[in-house]
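> Here it is: the structure, laid out below.
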Amino acid sequence: MAQQKTTFGGVDILRFLAAVLVMFYHYGYWVWAFPAGVSARATGGIPPHPELEMLGSGWVGVQVFFVISGFVIAFSAENSTPLRFFEARVKRLAPAVWICAPVTAAVLLLVGLSWPTDAVNRLVRTALFVPYSPWVDSVYWTLGIEIAFYAVVWTLLWLGRFHLMEVVAIVIGMVSTLFWCLYYPLDWSAFAETRWLALLLVHHGCFFATGVMIWLMRFKAVTPFRLVLCALFLVGCVLQIASSVDVHTVKVEEQMPYAPPIVFFLVAIALMAWSLRLDLSWRGWRRIGLMTYPLYLIHDVVGAAILGALMRAGVPYLLSVVIVGATMVAASWLIAIEAEPRVRLLLDHPISRYRLKAA
């Protein structure tokens with residue numbers, strides 16, 4: 001089946017909702033459930049609000065991002081070249097980081113969570129996409145994993161072997177799923193947050209592979225083999241989510257439920273697959289999708305600091321959460337629509353010079 005559709009409204013909507021879920025997870029739960037976290041410290045301290053424990057599973061929005069990346073990157077890379085793919089990824093990733101990271105670093109200094117040399121170190125590491133912490137904000141942990149997947153796709157393009165994308169995705173998905181199938185029987189809990197395994201896509205490869213399978217079934221053909229593989233990779237995804245629940249349980253020193261994040265994830269993926277059959281080509285959906293990335297990058301520390309300031313000013317907690325959430329959404333819109341395009345224009349000149357030299 002030829003790929004004629006270049007925008008996916010349902011995917012953009014889902015991506016934005018996942019980012020909003022992560023945001024309210026931080027504001028409504030994490031800032032008081034995990035006082036040692038950077039966002040909690042940025043608030044200056046917030047008393048527990050057990051009535052909002054329902055938001056404690058919102059972190060699973062990140063896993064939804066990974067599936068969406070597998071789908072979108074496979075789709076966009078198929079008819080691309082190594083250079084065009086590299087340019088597109090740089091223009092997509094770099095501008096938002098270079099805009100949001102300095103703001104976050106400034107807030108860290110303002111609320112006393114960093115000092116000048118530390119803030120500069122974190123800022124430089126973040127701006128250069130160094131895959132190991134420290135960064136200006138813990139949310140940047142996902143970028144190294146995304147870039148690792150991009151590197152796999154770029155390598156296939158560079159070798160002129162993109163037709164092997166399915167095979168490579170199967171290998172990545174099988175390795176990741178096998179890891180999680182053995183995780184509990186062999187008690188590999190010590191490896192749950194091992195960074196080098198994450199960067200090798202061992203932890204999250206099943207999510208990217210699921211996205212690639214959805215791309216193949218949407219634009220190539222639905223086959224029993226692909227359906228079985230997709231189901232198998234989803235098993236790996238569920239087991240990874242369960243392990244993340246265990247990690248969160250240790251951090252908050254309270255048993256967290258397994259069912260809510262797993263159910264949300266599976267429903268989100270089902271809605272994503274279903275939405276690909278709908279005509280949701282309104283340009284506004286694409287703009288909403290573009291807001292997701294800056295919203296994810298800027299909401300945590302910056303939003304938490306504003307949340308703490310509002311509460312110290314006497315604004316009730318729930319109202320403060322709503323105000324900060326709306327403020328961060330508005331900020332992400334300004335970044336995506338106004339600021340990022342200007343940074344991309346600045347990138348065009350060196351990229352064009354490199355393209356001419358390469359030619």
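Residues are named by chain letter and number: chains run A, B, ... in the order of the structure tokens, numbers start at 1 in each chain, and ligands are numbered from 1 in the order shown.
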Write out as a compact mmCIF listing (two decimals) with N, CA, C and O atoms, in the first residue's frame the residues lying within 12 Å of segment 170-182 of chain A, counting only C-alpha atoms and excluding same-chain residues fewer than 6 positions away.

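Result file follows (part.txt):
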# COMPACT_ATOMS: atom_id res chain seq x y z
N VAL A 67 6.31 4.08 21.55
CA VAL A 67 5.58 3.36 20.49
C VAL A 67 5.31 4.30 19.31
O VAL A 67 5.49 3.94 18.15
N GLY A 70 8.39 4.75 17.24
CA GLY A 70 8.64 3.62 16.36
C GLY A 70 7.83 3.71 15.09
O GLY A 70 8.34 3.47 13.98
N ALA A 148 19.13 6.67 20.24
CA ALA A 148 19.65 5.33 19.96
C ALA A 148 18.81 4.64 18.87
O ALA A 148 19.35 3.99 17.97
N PHE A 149 17.50 4.79 18.95
CA PHE A 149 16.63 4.21 17.92
C PHE A 149 16.84 4.92 16.59
O PHE A 149 16.90 4.28 15.53
N VAL A 152 19.85 3.58 14.81
CA VAL A 152 19.60 2.30 14.13
C VAL A 152 18.98 2.55 12.76
O VAL A 152 19.42 1.98 11.75
N VAL A 153 17.97 3.41 12.72
CA VAL A 153 17.29 3.70 11.46
C VAL A 153 18.24 4.40 10.49
O VAL A 153 18.30 4.06 9.30
N LEU A 164 15.42 -3.78 5.37
CA LEU A 164 15.62 -4.68 6.51
C LEU A 164 15.05 -4.12 7.81
O LEU A 164 15.27 -4.70 8.87
N TRP A 188 16.18 -9.97 37.89
CA TRP A 188 17.10 -9.00 37.30
C TRP A 188 16.74 -7.57 37.71
O TRP A 188 16.97 -6.64 36.95
N SER A 189 16.19 -7.40 38.89
CA SER A 189 15.76 -6.06 39.32
C SER A 189 16.93 -5.08 39.37
O SER A 189 16.73 -3.87 39.21
N PHE A 191 19.00 -4.62 37.19
CA PHE A 191 19.22 -4.08 35.85
C PHE A 191 18.06 -3.20 35.36
O PHE A 191 18.07 -2.76 34.22
N ALA A 192 17.08 -2.96 36.23
CA ALA A 192 15.88 -2.23 35.81
C ALA A 192 16.18 -0.81 35.36
O ALA A 192 15.50 -0.28 34.47
N LEU A 197 22.02 -0.44 29.32
CA LEU A 197 21.02 -1.35 28.73
C LEU A 197 19.90 -0.56 28.08
O LEU A 197 19.38 -0.96 27.03
N ALA A 198 19.53 0.54 28.70
CA ALA A 198 18.49 1.39 28.11
C ALA A 198 18.96 1.96 26.78
O ALA A 198 18.21 2.00 25.80
N LEU A 199 20.22 2.40 26.72
CA LEU A 199 20.75 3.00 25.50
C LEU A 199 20.95 1.95 24.40
O LEU A 199 20.99 2.30 23.21
N LEU A 200 21.05 0.69 24.77
CA LEU A 200 21.12 -0.40 23.78
C LEU A 200 19.73 -0.87 23.38
O LEU A 200 19.60 -1.85 22.65
N LEU A 201 18.71 -0.18 23.87
CA LEU A 201 17.30 -0.47 23.57
C LEU A 201 16.83 -1.80 24.15
O LEU A 201 15.78 -2.31 23.74
N VAL A 202 17.58 -2.33 25.10
CA VAL A 202 17.15 -3.57 25.75
C VAL A 202 15.90 -3.32 26.59
O VAL A 202 14.97 -4.14 26.61
N HIS A 203 15.85 -2.19 27.27
CA HIS A 203 14.70 -1.89 28.12
C HIS A 203 13.46 -1.53 27.30
O HIS A 203 12.35 -2.00 27.59
N HIS A 204 13.62 -0.68 26.31
CA HIS A 204 12.46 -0.11 25.63
C HIS A 204 12.34 -0.49 24.16
O HIS A 204 11.49 0.02 23.46
N GLY A 205 13.16 -1.42 23.72
CA GLY A 205 13.09 -1.84 22.33
C GLY A 205 11.76 -2.44 21.95
O GLY A 205 11.31 -2.31 20.80
N CYS A 206 11.09 -3.08 22.90
CA CYS A 206 9.77 -3.67 22.60
C CYS A 206 8.75 -2.59 22.23
O CYS A 206 7.85 -2.85 21.41
N PHE A 207 8.88 -1.40 22.78
CA PHE A 207 7.95 -0.31 22.46
C PHE A 207 8.19 0.19 21.03
O PHE A 207 7.25 0.35 20.25
N PHE A 208 9.45 0.44 20.69
CA PHE A 208 9.76 0.88 19.33
C PHE A 208 9.37 -0.18 18.31
O PHE A 208 8.84 0.13 17.25
N ALA A 209 9.64 -1.45 18.63
CA ALA A 209 9.29 -2.54 17.72
C ALA A 209 7.78 -2.63 17.52
O ALA A 209 7.31 -2.90 16.41
N THR A 210 7.02 -2.38 18.57
CA THR A 210 5.56 -2.37 18.44
C THR A 210 5.13 -1.27 17.46
O THR A 210 4.26 -1.50 16.61
N GLY A 211 5.74 -0.09 17.59
CA GLY A 211 5.42 1.00 16.67
C GLY A 211 5.75 0.65 15.23
O GLY A 211 4.99 0.97 14.30
N VAL A 212 6.89 -0.02 15.01
CA VAL A 212 7.27 -0.42 13.65
C VAL A 212 6.28 -1.44 13.10
O VAL A 212 5.89 -1.39 11.93
N MET A 213 5.84 -2.38 13.94
CA MET A 213 4.86 -3.38 13.50
C MET A 213 3.54 -2.70 13.10
O MET A 213 2.90 -3.08 12.10
N LEU A 216 4.06 -1.20 9.69
CA LEU A 216 4.05 -2.23 8.66
C LEU A 216 2.63 -2.71 8.36
O LEU A 216 2.25 -2.88 7.19
N PHE A 225 1.80 -13.34 10.99
CA PHE A 225 3.13 -13.25 11.59
C PHE A 225 3.32 -11.91 12.29
O PHE A 225 3.79 -11.85 13.44
N ARG A 226 2.94 -10.82 11.62
CA ARG A 226 3.09 -9.49 12.22
C ARG A 226 2.16 -9.30 13.40
O ARG A 226 2.53 -8.66 14.40
N VAL A 228 1.15 -11.67 15.44
CA VAL A 228 1.72 -12.43 16.56
C VAL A 228 2.91 -11.68 17.16
O VAL A 228 3.05 -11.59 18.38
N LEU A 229 3.77 -11.14 16.29
CA LEU A 229 4.92 -10.39 16.79
C LEU A 229 4.49 -9.16 17.59
O LEU A 229 5.05 -8.88 18.65
N CYS A 230 3.49 -8.45 17.07
CA CYS A 230 3.01 -7.26 17.77
C CYS A 230 2.48 -7.64 19.15
O CYS A 230 2.76 -6.97 20.14
N ALA A 231 1.72 -8.75 19.21
CA ALA A 231 1.19 -9.21 20.50
C ALA A 231 2.32 -9.60 21.44
O ALA A 231 2.29 -9.31 22.65
N LEU A 232 3.35 -10.26 20.89
CA LEU A 232 4.49 -10.67 21.70
C LEU A 232 5.23 -9.46 22.25
O LEU A 232 5.58 -9.41 23.44
N PHE A 233 5.45 -8.46 21.40
CA PHE A 233 6.14 -7.26 21.86
C PHE A 233 5.32 -6.52 22.90
O PHE A 233 5.88 -5.91 23.82
N LEU A 234 4.02 -6.55 22.75
CA LEU A 234 3.16 -5.91 23.76
C LEU A 234 3.29 -6.60 25.11
O LEU A 234 3.18 -5.95 26.16
N VAL A 235 3.52 -7.91 25.09
CA VAL A 235 3.79 -8.62 26.36
C VAL A 235 5.05 -8.05 27.01
O VAL A 235 5.09 -7.79 28.21
N GLY A 236 6.09 -7.85 26.18
CA GLY A 236 7.31 -7.23 26.71
C GLY A 236 7.05 -5.84 27.26
O GLY A 236 7.58 -5.47 28.31
N CYS A 237 6.22 -5.07 26.55
CA CYS A 237 5.87 -3.71 27.02
C CYS A 237 5.18 -3.77 28.38
O CYS A 237 5.50 -2.98 29.28
N VAL A 238 4.24 -4.70 28.53
CA VAL A 238 3.51 -4.82 29.79
C VAL A 238 4.45 -5.19 30.93
O VAL A 238 4.35 -4.65 32.04
N LEU A 239 5.38 -6.09 30.66
CA LEU A 239 6.33 -6.49 31.70
C LEU A 239 7.26 -5.34 32.07
O LEU A 239 7.62 -5.17 33.24
N GLN A 240 7.66 -4.53 31.07
CA GLN A 240 8.49 -3.37 31.38
C GLN A 240 7.73 -2.37 32.24
O GLN A 240 8.28 -1.80 33.19
N ILE A 241 6.47 -2.17 31.92
CA ILE A 241 5.65 -1.25 32.72
C ILE A 241 5.51 -1.78 34.14
O ILE A 241 5.58 -1.01 35.11
N ALA A 242 5.33 -3.09 34.29
CA ALA A 242 5.23 -3.68 35.63
C ALA A 242 6.52 -3.43 36.42
O ALA A 242 6.48 -3.12 37.62
N SER A 243 7.67 -3.56 35.75
CA SER A 243 8.94 -3.31 36.44
C SER A 243 9.05 -1.85 36.85
O SER A 243 9.61 -1.52 37.91
N SER A 244 8.52 -0.94 36.02
CA SER A 244 8.53 0.48 36.37
C SER A 244 7.65 0.76 37.57
O SER A 244 7.96 1.63 38.39
> Which residue, A:Val11, A:Ala96, A:Ala106, A:Ile147, has the smallest gap to Pro341 of chain A when you use only C-alpha atoms?
A:Ala96
> Identify, on the basis of only C-alpha atoms, every residue whose closest approach to Pro134 of chain A does not exceed 12 Å; exclude the query and any residue fewer than 3 positions from it along the same chain; express the result as a list of chain:residue names.
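Near neighbours after the sequence-gap exclusion: A:Val38, A:Ala105, A:Ser114, A:Asp118, A:Ala119, A:Val120, A:Asn121, A:Arg122, A:Leu123, A:Val124, A:Arg125, A:Thr126, A:Ala127, A:Phe129, A:Val130, A:Pro131, A:Asp137, A:Ser138, A:Val139, A:Tyr140, A:Trp141.
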> Have a look at A:His248, A:Ile99, A:Leu310, A:Ala74 and name the one nearest to Gly37 of chain A; count only C-alpha atoms.
A:His248
> Could you tell me which of A:Trp30, A:Phe219, A:Trp196, A:Trp285 comes closest to Gly58 of chain A if we count only C-alpha atoms?
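Looking at the shortest contact to Gly58 of chain A, the residue is A:Trp30.
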> Could you list, as an mmCIF file with C-alpha atoms, in the first residue's frame, every residue within 10 Å of Val322 of chain A, counting only C-alpha atoms and ignoring same-chain residues fewer than 5 positions away?

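This went into part.cif:
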data_model
loop_
_atom_site.group_PDB
_atom_site.id
_atom_site.type_symbol
_atom_site.label_atom_id
_atom_site.label_comp_id
_atom_site.auth_asym_id
_atom_site.auth_seq_id
_atom_site.Cartn_x
_atom_site.Cartn_y
_atom_site.Cartn_z
ATOM 1 C CA PHE A 24 -0.290 16.165 35.701
ATOM 2 C CA TYR A 27 2.124 18.144 39.478
ATOM 3 C CA GLY A 28 -0.642 16.078 41.039
ATOM 4 C CA LEU A 307 3.334 25.610 41.422
ATOM 5 C CA TYR A 317 -3.370 23.278 45.462
ATOM 6 C CA THR A 327 0.466 27.980 31.621
ATOM 7 C CA MET A 328 2.780 25.197 30.483
#
> Using DSSP on the backbone coordinates, identify all residues within segment 148-246 of chain A classified as alpha helix (DSSP H); present the result as a short mmCIF file (atom, residue, chain, number, x, y, z; two decimals) with N, CA, C and O atoms, in the first residue's frame.

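Written output follows (result27.cif):
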data_model
loop_
_atom_site.label_atom_id
_atom_site.label_comp_id
_atom_site.auth_asym_id
_atom_site.auth_seq_id
_atom_site.Cartn_x
_atom_site.Cartn_y
_atom_site.Cartn_z
N ALA A 148 19.13 6.67 20.24
CA ALA A 148 19.65 5.33 19.96
C ALA A 148 18.81 4.64 18.87
O ALA A 148 19.35 3.99 17.97
N PHE A 149 17.50 4.79 18.95
CA PHE A 149 16.63 4.21 17.92
C PHE A 149 16.84 4.92 16.59
O PHE A 149 16.90 4.28 15.53
N TYR A 150 16.95 6.25 16.62
CA TYR A 150 17.22 7.00 15.40
C TYR A 150 18.52 6.51 14.75
O TYR A 150 18.62 6.43 13.52
N ALA A 151 19.52 6.23 15.57
CA ALA A 151 20.81 5.79 15.04
C ALA A 151 20.68 4.46 14.30
O ALA A 151 21.33 4.24 13.27
N VAL A 152 19.85 3.58 14.81
CA VAL A 152 19.60 2.30 14.13
C VAL A 152 18.98 2.55 12.76
O VAL A 152 19.42 1.98 11.75
N VAL A 153 17.97 3.41 12.72
CA VAL A 153 17.29 3.70 11.46
C VAL A 153 18.24 4.40 10.49
O VAL A 153 18.30 4.06 9.30
N TRP A 154 19.02 5.36 10.98
CA TRP A 154 19.98 6.06 10.12
C TRP A 154 21.00 5.10 9.54
O TRP A 154 21.38 5.21 8.37
N THR A 155 21.46 4.15 10.35
CA THR A 155 22.45 3.19 9.87
C THR A 155 21.89 2.35 8.72
O THR A 155 22.58 2.09 7.73
N LEU A 156 20.63 1.96 8.83
CA LEU A 156 20.01 1.21 7.73
C LEU A 156 19.94 2.06 6.47
O LEU A 156 20.20 1.55 5.36
N LEU A 157 19.61 3.33 6.62
CA LEU A 157 19.57 4.22 5.45
C LEU A 157 20.96 4.39 4.85
O LEU A 157 21.15 4.36 3.63
N TRP A 158 21.96 4.56 5.71
CA TRP A 158 23.34 4.77 5.26
C TRP A 158 23.86 3.54 4.51
O TRP A 158 24.60 3.65 3.52
N MET A 165 14.32 -2.99 7.73
CA MET A 165 13.76 -2.37 8.93
C MET A 165 12.91 -3.35 9.73
O MET A 165 12.99 -3.39 10.96
N GLU A 166 12.12 -4.14 9.04
CA GLU A 166 11.28 -5.11 9.75
C GLU A 166 12.12 -6.14 10.49
O GLU A 166 11.86 -6.43 11.67
N VAL A 167 13.14 -6.66 9.83
CA VAL A 167 14.00 -7.66 10.46
C VAL A 167 14.71 -7.08 11.67
O VAL A 167 14.76 -7.70 12.75
N VAL A 168 15.26 -5.88 11.52
CA VAL A 168 15.96 -5.23 12.63
C VAL A 168 15.01 -4.95 13.78
O VAL A 168 15.35 -5.16 14.95
N ALA A 169 13.80 -4.48 13.47
CA ALA A 169 12.81 -4.22 14.52
C ALA A 169 12.45 -5.50 15.25
O ALA A 169 12.26 -5.50 16.48
N ILE A 170 12.35 -6.59 14.51
CA ILE A 170 12.03 -7.88 15.15
C ILE A 170 13.15 -8.29 16.11
O ILE A 170 12.88 -8.73 17.23
N VAL A 171 14.40 -8.11 15.67
CA VAL A 171 15.53 -8.46 16.54
C VAL A 171 15.51 -7.60 17.80
O VAL A 171 15.65 -8.11 18.92
N ILE A 172 15.34 -6.28 17.62
CA ILE A 172 15.30 -5.38 18.78
C ILE A 172 14.15 -5.75 19.71
O ILE A 172 14.31 -5.81 20.94
N GLY A 173 12.98 -5.98 19.13
CA GLY A 173 11.81 -6.32 19.93
C GLY A 173 11.95 -7.64 20.64
O GLY A 173 11.56 -7.79 21.81
N MET A 174 12.55 -8.65 19.98
CA MET A 174 12.71 -9.96 20.59
C MET A 174 13.71 -9.92 21.74
O MET A 174 13.49 -10.53 22.79
N VAL A 175 14.82 -9.21 21.53
CA VAL A 175 15.82 -9.09 22.60
C VAL A 175 15.21 -8.41 23.83
O VAL A 175 15.37 -8.86 24.97
N SER A 176 14.49 -7.31 23.58
CA SER A 176 13.86 -6.57 24.68
C SER A 176 12.79 -7.41 25.38
O SER A 176 12.74 -7.48 26.61
N THR A 177 11.95 -8.07 24.59
CA THR A 177 10.89 -8.89 25.18
C THR A 177 11.47 -10.06 25.96
O THR A 177 10.98 -10.39 27.05
N LEU A 178 12.51 -10.69 25.43
CA LEU A 178 13.15 -11.80 26.14
C LEU A 178 13.73 -11.31 27.47
O LEU A 178 13.62 -12.01 28.50
N PHE A 179 14.33 -10.13 27.45
CA PHE A 179 14.88 -9.58 28.70
C PHE A 179 13.79 -9.47 29.75
O PHE A 179 13.98 -9.88 30.90
N TRP A 180 12.64 -8.92 29.35
CA TRP A 180 11.58 -8.72 30.33
C TRP A 180 10.89 -10.02 30.72
O TRP A 180 10.41 -10.15 31.85
N CYS A 181 10.86 -11.00 29.83
CA CYS A 181 10.30 -12.30 30.18
C CYS A 181 11.17 -13.02 31.22
O CYS A 181 10.67 -13.79 32.04
N LEU A 182 12.48 -12.76 31.18
CA LEU A 182 13.41 -13.37 32.13
C LEU A 182 13.62 -12.51 33.37
O LEU A 182 14.22 -12.97 34.35
N TYR A 183 13.13 -11.28 33.33
CA TYR A 183 13.40 -10.30 34.38
C TYR A 183 12.94 -10.78 35.75
O TYR A 183 13.70 -10.75 36.73
N ARG A 195 21.62 2.21 32.82
CA ARG A 195 21.53 3.16 31.69
C ARG A 195 22.04 2.56 30.39
O ARG A 195 21.45 2.77 29.33
N TRP A 196 23.14 1.82 30.42
CA TRP A 196 23.70 1.32 29.17
C TRP A 196 22.78 0.30 28.51
O TRP A 196 22.71 0.21 27.28
N LEU A 197 22.02 -0.44 29.32
CA LEU A 197 21.02 -1.35 28.73
C LEU A 197 19.90 -0.56 28.08
O LEU A 197 19.38 -0.96 27.03
N ALA A 198 19.53 0.54 28.70
CA ALA A 198 18.49 1.39 28.11
C ALA A 198 18.96 1.96 26.78
O ALA A 198 18.21 2.00 25.80
N LEU A 199 20.22 2.40 26.72
CA LEU A 199 20.75 3.00 25.50
C LEU A 199 20.95 1.95 24.40
O LEU A 199 20.99 2.30 23.21
N GLY A 205 13.16 -1.42 23.72
CA GLY A 205 13.09 -1.84 22.33
C GLY A 205 11.76 -2.44 21.95
O GLY A 205 11.31 -2.31 20.80
N CYS A 206 11.09 -3.08 22.90
CA CYS A 206 9.77 -3.67 22.60
C CYS A 206 8.75 -2.59 22.23
O CYS A 206 7.85 -2.85 21.41
N PHE A 207 8.88 -1.40 22.78
CA PHE A 207 7.95 -0.31 22.46
C PHE A 207 8.19 0.19 21.03
O PHE A 207 7.25 0.35 20.25
N PHE A 208 9.45 0.44 20.69
CA PHE A 208 9.76 0.88 19.33
C PHE A 208 9.37 -0.18 18.31
O PHE A 208 8.84 0.13 17.25
N ALA A 209 9.64 -1.45 18.63
CA ALA A 209 9.29 -2.54 17.72
C ALA A 209 7.78 -2.63 17.52
O ALA A 209 7.31 -2.90 16.41
N THR A 210 7.02 -2.38 18.57
CA THR A 210 5.56 -2.37 18.44
C THR A 210 5.13 -1.27 17.46
O THR A 210 4.26 -1.50 16.61
N GLY A 211 5.74 -0.09 17.59
CA GLY A 211 5.42 1.00 16.67
C GLY A 211 5.75 0.65 15.23
O GLY A 211 4.99 0.97 14.30
N VAL A 212 6.89 -0.02 15.01
CA VAL A 212 7.27 -0.42 13.65
C VAL A 212 6.28 -1.44 13.10
O VAL A 212 5.89 -1.39 11.93
N MET A 213 5.84 -2.38 13.94
CA MET A 213 4.86 -3.38 13.50
C MET A 213 3.54 -2.70 13.10
O MET A 213 2.90 -3.08 12.10
N ILE A 214 3.13 -1.70 13.85
CA ILE A 214 1.91 -0.97 13.52
C ILE A 214 2.07 -0.26 12.17
O ILE A 214 1.16 -0.25 11.34
N TRP A 215 3.26 0.32 11.94
CA TRP A 215 3.53 0.96 10.64
C TRP A 215 3.45 -0.06 9.51
O TRP A 215 2.83 0.20 8.47
N LEU A 216 4.06 -1.20 9.69
CA LEU A 216 4.05 -2.23 8.66
C LEU A 216 2.63 -2.71 8.36
O LEU A 216 2.25 -2.88 7.19
N MET A 217 1.84 -2.90 9.41
CA MET A 217 0.48 -3.41 9.19
C MET A 217 -0.43 -2.34 8.63
O MET A 217 -1.41 -2.65 7.94
N ARG A 218 -0.11 -1.07 8.89
CA ARG A 218 -0.94 0.00 8.34
C ARG A 218 -0.61 0.27 6.88
O ARG A 218 -1.51 0.50 6.06
N PHE A 219 0.67 0.22 6.51
CA PHE A 219 1.06 0.64 5.17
C PHE A 219 1.57 -0.48 4.27
O PHE A 219 1.77 -0.26 3.08
N PRO A 224 -0.63 -12.69 9.71
CA PRO A 224 -0.65 -13.38 11.01
C PRO A 224 0.69 -13.27 11.74
O PRO A 224 0.71 -13.11 12.96
N PHE A 225 1.80 -13.34 10.99
CA PHE A 225 3.13 -13.25 11.59
C PHE A 225 3.32 -11.91 12.29
O PHE A 225 3.79 -11.85 13.44
N ARG A 226 2.94 -10.82 11.62
CA ARG A 226 3.09 -9.49 12.22
C ARG A 226 2.16 -9.30 13.40
O ARG A 226 2.53 -8.66 14.40
N LEU A 227 0.96 -9.84 13.32
CA LEU A 227 0.03 -9.75 14.45
C LEU A 227 0.59 -10.47 15.67
O LEU A 227 0.51 -9.97 16.80
N VAL A 228 1.15 -11.67 15.44
CA VAL A 228 1.72 -12.43 16.56
C VAL A 228 2.91 -11.68 17.16
O VAL A 228 3.05 -11.59 18.38
N LEU A 229 3.77 -11.14 16.29
CA LEU A 229 4.92 -10.39 16.79
C LEU A 229 4.49 -9.16 17.59
O LEU A 229 5.05 -8.88 18.65
N CYS A 230 3.49 -8.45 17.07
CA CYS A 230 3.01 -7.26 17.77
C CYS A 230 2.48 -7.64 19.15
O CYS A 230 2.76 -6.97 20.14
N ALA A 231 1.72 -8.75 19.21
CA ALA A 231 1.19 -9.21 20.50
C ALA A 231 2.32 -9.60 21.44
O ALA A 231 2.29 -9.31 22.65
N LEU A 232 3.35 -10.26 20.89
CA LEU A 232 4.49 -10.67 21.70
C LEU A 232 5.23 -9.46 22.25
O LEU A 232 5.58 -9.41 23.44
N PHE A 233 5.45 -8.46 21.40
CA PHE A 233 6.14 -7.26 21.86
C PHE A 233 5.32 -6.52 22.90
O PHE A 233 5.88 -5.91 23.82
N LEU A 234 4.02 -6.55 22.75
CA LEU A 234 3.16 -5.91 23.76
C LEU A 234 3.29 -6.60 25.11
O LEU A 234 3.18 -5.95 26.16
N VAL A 235 3.52 -7.91 25.09
CA VAL A 235 3.79 -8.62 26.36
C VAL A 235 5.05 -8.05 27.01
O VAL A 235 5.09 -7.79 28.21
N GLY A 236 6.09 -7.85 26.18
CA GLY A 236 7.31 -7.23 26.71
C GLY A 236 7.05 -5.84 27.26
O GLY A 236 7.58 -5.47 28.31
N CYS A 237 6.22 -5.07 26.55
CA CYS A 237 5.87 -3.71 27.02
C CYS A 237 5.18 -3.77 28.38
O CYS A 237 5.50 -2.98 29.28
N VAL A 238 4.24 -4.70 28.53
CA VAL A 238 3.51 -4.82 29.79
C VAL A 238 4.45 -5.19 30.93
O VAL A 238 4.35 -4.65 32.04
N LEU A 239 5.38 -6.09 30.66
CA LEU A 239 6.33 -6.49 31.70
C LEU A 239 7.26 -5.34 32.07
O LEU A 239 7.62 -5.17 33.24
N GLN A 240 7.66 -4.53 31.07
CA GLN A 240 8.49 -3.37 31.38
C GLN A 240 7.73 -2.37 32.24
O GLN A 240 8.28 -1.80 33.19
N ILE A 241 6.47 -2.17 31.92
CA ILE A 241 5.65 -1.25 32.72
C ILE A 241 5.51 -1.78 34.14
O ILE A 241 5.58 -1.01 35.11
N ALA A 242 5.33 -3.09 34.29
CA ALA A 242 5.23 -3.68 35.63
C ALA A 242 6.52 -3.43 36.42
O ALA A 242 6.48 -3.12 37.62
N SER A 243 7.67 -3.56 35.75
CA SER A 243 8.94 -3.31 36.44
C SER A 243 9.05 -1.85 36.85
O SER A 243 9.61 -1.52 37.91
N SER A 244 8.52 -0.94 36.02
CA SER A 244 8.53 0.48 36.37
C SER A 244 7.65 0.76 37.57
O SER A 244 7.96 1.63 38.39
N VAL A 245 6.55 0.04 37.68
CA VAL A 245 5.71 0.16 38.87
C VAL A 245 6.51 -0.21 40.11
O VAL A 245 6.44 0.46 41.15
N ASP A 246 7.28 -1.29 40.01
CA ASP A 246 8.11 -1.71 41.15
C ASP A 246 9.12 -0.64 41.53
O ASP A 246 9.35 -0.37 42.71
#
> Env of Arg286 of chain A: 7 Å cut, atoms = only C-alpha atoms, seq-sep filter 4 positions within chain, self excluded. Answer as a list in words.
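The residues satisfying every condition are Thr7, Gly9, Asp12 and Leu290 of chain A.
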> Would you output that residue set with C-alpha atoms, as a PDB file, in the first residue's frame?

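result.pdb, freshly written:
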ATOM      1  CA  THR A   7       0.003  13.589   8.896  1.00  0.00           C
ATOM      2  CA  GLY A   9      -4.219  13.487  13.531  1.00  0.00           C
ATOM      3  CA  ASP A  12      -0.830  13.789  17.295  1.00  0.00           C
ATOM      4  CA  LEU A 290       4.247  19.728  17.720  1.00  0.00           C
TER       5      LEU A 290
END
> Please provide as a PyMOL selection string all residues within 7 Å of segment 273-278 of chain A, with the sequence filter that same-chain residues fewer than 4 positions apart are discarded (counting only C-alpha atoms).
chain A and resi 8+10+214+269
> Can you write out the residues you just picked, keeping N, CA and C atoms, as a CSV table (one decimal), in the first residue's frame?

chain,number,residue,atom,x,y,z
A,8,PHE,N,-0.9,12.4,10.8
A,8,PHE,CA,-1.7,11.5,11.5
A,8,PHE,C,-2.4,12.2,12.7
A,10,GLY,N,-4.8,11.5,14.7
A,10,GLY,CA,-5.0,10.7,15.9
A,10,GLY,C,-3.8,10.5,16.7
A,214,ILE,N,3.1,-1.7,13.9
A,214,ILE,CA,1.9,-1.0,13.5
A,214,ILE,C,2.1,-0.3,12.2
A,269,ILE,N,-2.6,2.4,22.9
A,269,ILE,CA,-2.1,1.8,21.6
A,269,ILE,C,-3.2,1.3,20.7
> One number please: atom CA of Ala42 of chain A to atom CA of Leu128 of chain A, in Å, one decimal.
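Distance between the two atoms: 24.1 Å.
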> When distances are computed from only C-alpha atoms, which of A:Glu78, A:Glu340, A:Glu193, A:Glu53 shows the smallest separation from Val90 of chain A?
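Under the stated criterion, the closest residue is A:Glu340.
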> So, counting only C-alpha atoms, which residue among A:Ile46, A:Ala36, A:Gly289, A:Thr104 is closest to Val72 of chain A?
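Looking at the shortest contact to Val72 of chain A, the residue is A:Gly289.
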> Quick one: everything within 10 Å of Gly61 of chain A, counting only C-alpha atoms, minus sequence neighbours fewer than 5 positions away in the same chain. Send it as a list in words.
Leu14, Arg15, Phe16, Leu17, Ala18, Ala19, Val20, Leu21, Val22, Met23, Tyr25, Phe66, Pro261, Phe264, Phe265 and Ala268 of chain A
> What does the distance from atom CA of Ser133 of chain A to atom CA of Val343 of chain A come to in Å, to one decimal?
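The value is 25.0 Å.
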> What does the distance between atom CA of Ile145 of chain A and atom CA of Pro82 of chain A come to in Å, to one decimal place?
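Between atom CA of Ile145 of chain A and atom CA of Pro82 of chain A the gap is 19.3 Å.
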